[in-house]
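> Let me begin by handing over the structure; questions about it come next.
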Amino acid sequence: MDSPSLFIAFPVDAHFHNRLKSVALPLFTLFTSGGEYLQTITHQGQLYLAKELPPFPSLDRLDCFESHLKSILKKLVPGSYSSDQCLLLSV
């Protein structure tokens, strides 16, 4: 059995999803193709834009990853999310 991965994630609701549809495909692909940026994951039926975290990140590193996630969200869909919606997921 694989170990679960830890993610900092933003839940994609219907409003945000509609706004994502207007993002140019090359820009969306750049930021959501995994790697250093984000990936899309589905957990318990909910779609998320998420950044996989290293094992055992410090609180300072968590803050850094959260800031990184928010920065990318602002580039993709300016002003259409609440920063308190970010959460940690173990998938």
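Identifiers for the structure tokens are assigned positionally: chains receive A, B, ... in sequence, residues are indexed from 1 per chain, and ligands are indexed from 1 in the order shown.
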Using backbone DSSP assignments, extract all alpha helix (DSSP H) residues from chain A; output them as number ranges by chain.
A: 14-21, 25-32, 59-76
> Residues within 6 Å of range 43-48 of chain A, please, as a PDB file with C-alpha atoms, in the first residue's frame. Count only C-alpha atoms; anything in the same chain fewer than 3 positions from it doesn't count.

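Writing done, so here's part33.pdb:
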ATOM      1  CA  ALA A   9      -5.446  22.440  -1.657  1.00  0.00           C
ATOM      2  CA  PHE A  10      -8.095  24.863  -2.856  1.00  0.00           C
ATOM      3  CA  PRO A  11     -11.607  23.472  -3.389  1.00  0.00           C
ATOM      4  CA  VAL A  12     -12.935  24.325  -6.843  1.00  0.00           C
ATOM      5  CA  THR A  40      -5.966  18.808 -10.098  1.00  0.00           C
TER       6      THR A  40
END
> Residues within 12 Å of range 76-79 of chain A, please, as a compact mmCIF listing (two decimals) with N, CA and C atoms, in the first residue's frame. Count only C-alpha atoms; anything in the same chain fewer than 5 positions from it doesn't count.

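In the end it all went to part_2.txt:
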# COMPACT_ATOMS: atom_id res chain seq x y z
N VAL A 12 -12.41 23.65 -5.66
CA VAL A 12 -12.94 24.33 -6.84
C VAL A 12 -14.46 24.19 -6.82
N HIS A 15 -18.58 28.32 -9.20
CA HIS A 15 -18.21 29.68 -9.63
C HIS A 15 -16.75 29.73 -10.08
N PHE A 16 -15.85 29.17 -9.28
CA PHE A 16 -14.44 29.18 -9.63
C PHE A 16 -14.20 28.34 -10.88
N HIS A 17 -14.90 27.22 -10.99
CA HIS A 17 -14.75 26.35 -12.16
C HIS A 17 -15.15 27.09 -13.43
N ASN A 18 -16.24 27.86 -13.37
CA ASN A 18 -16.67 28.64 -14.53
C ASN A 18 -15.63 29.69 -14.89
N ARG A 19 -15.03 30.31 -13.89
CA ARG A 19 -13.98 31.30 -14.16
C ARG A 19 -12.74 30.63 -14.76
N LEU A 20 -12.43 29.41 -14.32
CA LEU A 20 -11.28 28.69 -14.89
C LEU A 20 -11.48 28.40 -16.37
N LYS A 21 -12.72 28.19 -16.79
CA LYS A 21 -12.99 27.90 -18.20
C LYS A 21 -12.56 29.04 -19.11
N SER A 22 -12.49 30.26 -18.58
CA SER A 22 -12.11 31.41 -19.40
C SER A 22 -10.59 31.63 -19.44
N VAL A 23 -9.84 30.84 -18.68
CA VAL A 23 -8.38 30.97 -18.67
C VAL A 23 -7.84 30.33 -19.95
N ALA A 24 -6.89 31.00 -20.59
CA ALA A 24 -6.27 30.45 -21.79
C ALA A 24 -5.66 29.09 -21.48
N LEU A 25 -5.89 28.14 -22.35
CA LEU A 25 -5.42 26.77 -22.13
C LEU A 25 -3.92 26.68 -21.86
N PRO A 26 -3.06 27.38 -22.61
CA PRO A 26 -1.62 27.28 -22.30
C PRO A 26 -1.28 27.75 -20.87
N LEU A 27 -1.95 28.80 -20.41
CA LEU A 27 -1.71 29.29 -19.05
C LEU A 27 -2.21 28.28 -18.02
N PHE A 28 -3.41 27.75 -18.24
CA PHE A 28 -3.96 26.75 -17.33
C PHE A 28 -3.05 25.52 -17.26
N THR A 29 -2.61 25.06 -18.42
CA THR A 29 -1.75 23.88 -18.48
C THR A 29 -0.41 24.13 -17.80
N LEU A 30 0.14 25.34 -17.99
CA LEU A 30 1.41 25.68 -17.35
C LEU A 30 1.33 25.51 -15.84
N PHE A 31 0.24 25.99 -15.24
CA PHE A 31 0.14 25.99 -13.78
C PHE A 31 -0.50 24.73 -13.19
N THR A 32 -1.08 23.86 -14.01
CA THR A 32 -1.79 22.70 -13.45
C THR A 32 -1.28 21.37 -13.97
N LEU A 38 0.81 23.32 -9.70
CA LEU A 38 -0.37 22.66 -9.13
C LEU A 38 -0.79 21.45 -9.94
N LEU A 49 -7.61 22.23 -6.74
CA LEU A 49 -6.30 22.59 -7.29
C LEU A 49 -5.36 22.47 -6.10
N LEU A 69 0.50 28.78 -3.50
CA LEU A 69 -0.80 28.37 -4.04
C LEU A 69 -1.67 29.60 -4.33
N LYS A 70 -1.76 30.51 -3.37
CA LYS A 70 -2.58 31.71 -3.53
C LYS A 70 -2.08 32.57 -4.69
N SER A 71 -0.78 32.66 -4.84
CA SER A 71 -0.19 33.43 -5.93
C SER A 71 -0.60 32.87 -7.29
> Counting only C-alpha atoms, figure out which residue out of A:Cys86, A:Ala14, A:Leu73, A:Ile8 gets nearest to Arg61 in chain A.
A:Ile8
> Using only C-alpha atoms, which of the listed residues (A:Leu53, A:Ser33, A:Ser58, A:Gln39) sits closest to Leu88 in chain A?
A:Leu53
> One number please: CA of Lys75 in chain A to CA of Pro55 in chain A, in Å, one decimal.
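Atom-to-atom, CA of Lys75 in chain A to CA of Pro55 in chain A, that is 27.0 Å.
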> Measure the distance from CA of Cys64 in chain A to CA of Ser90 in chain A in Å and round it to one decimal.
18.2 Å
> Between CA of Lys74 in chain A and CA of Ser5 in chain A, what is the distance in Å, rounded to a tenth?
24.7 Å
> Would you please work out which residue, of A:Phe7, A:His68, A:Asp63, A:Asp2, is nearest to Ala50 in chain A when using only C-alpha atoms?
A:Phe7
> Determine which residues of range 5-60 of chain A receive a DSSP assignment of strand (DSSP E), computed from the backbone, and state them as a PyMOL selection string.
chain A and resi 6-11+39-43+46-52
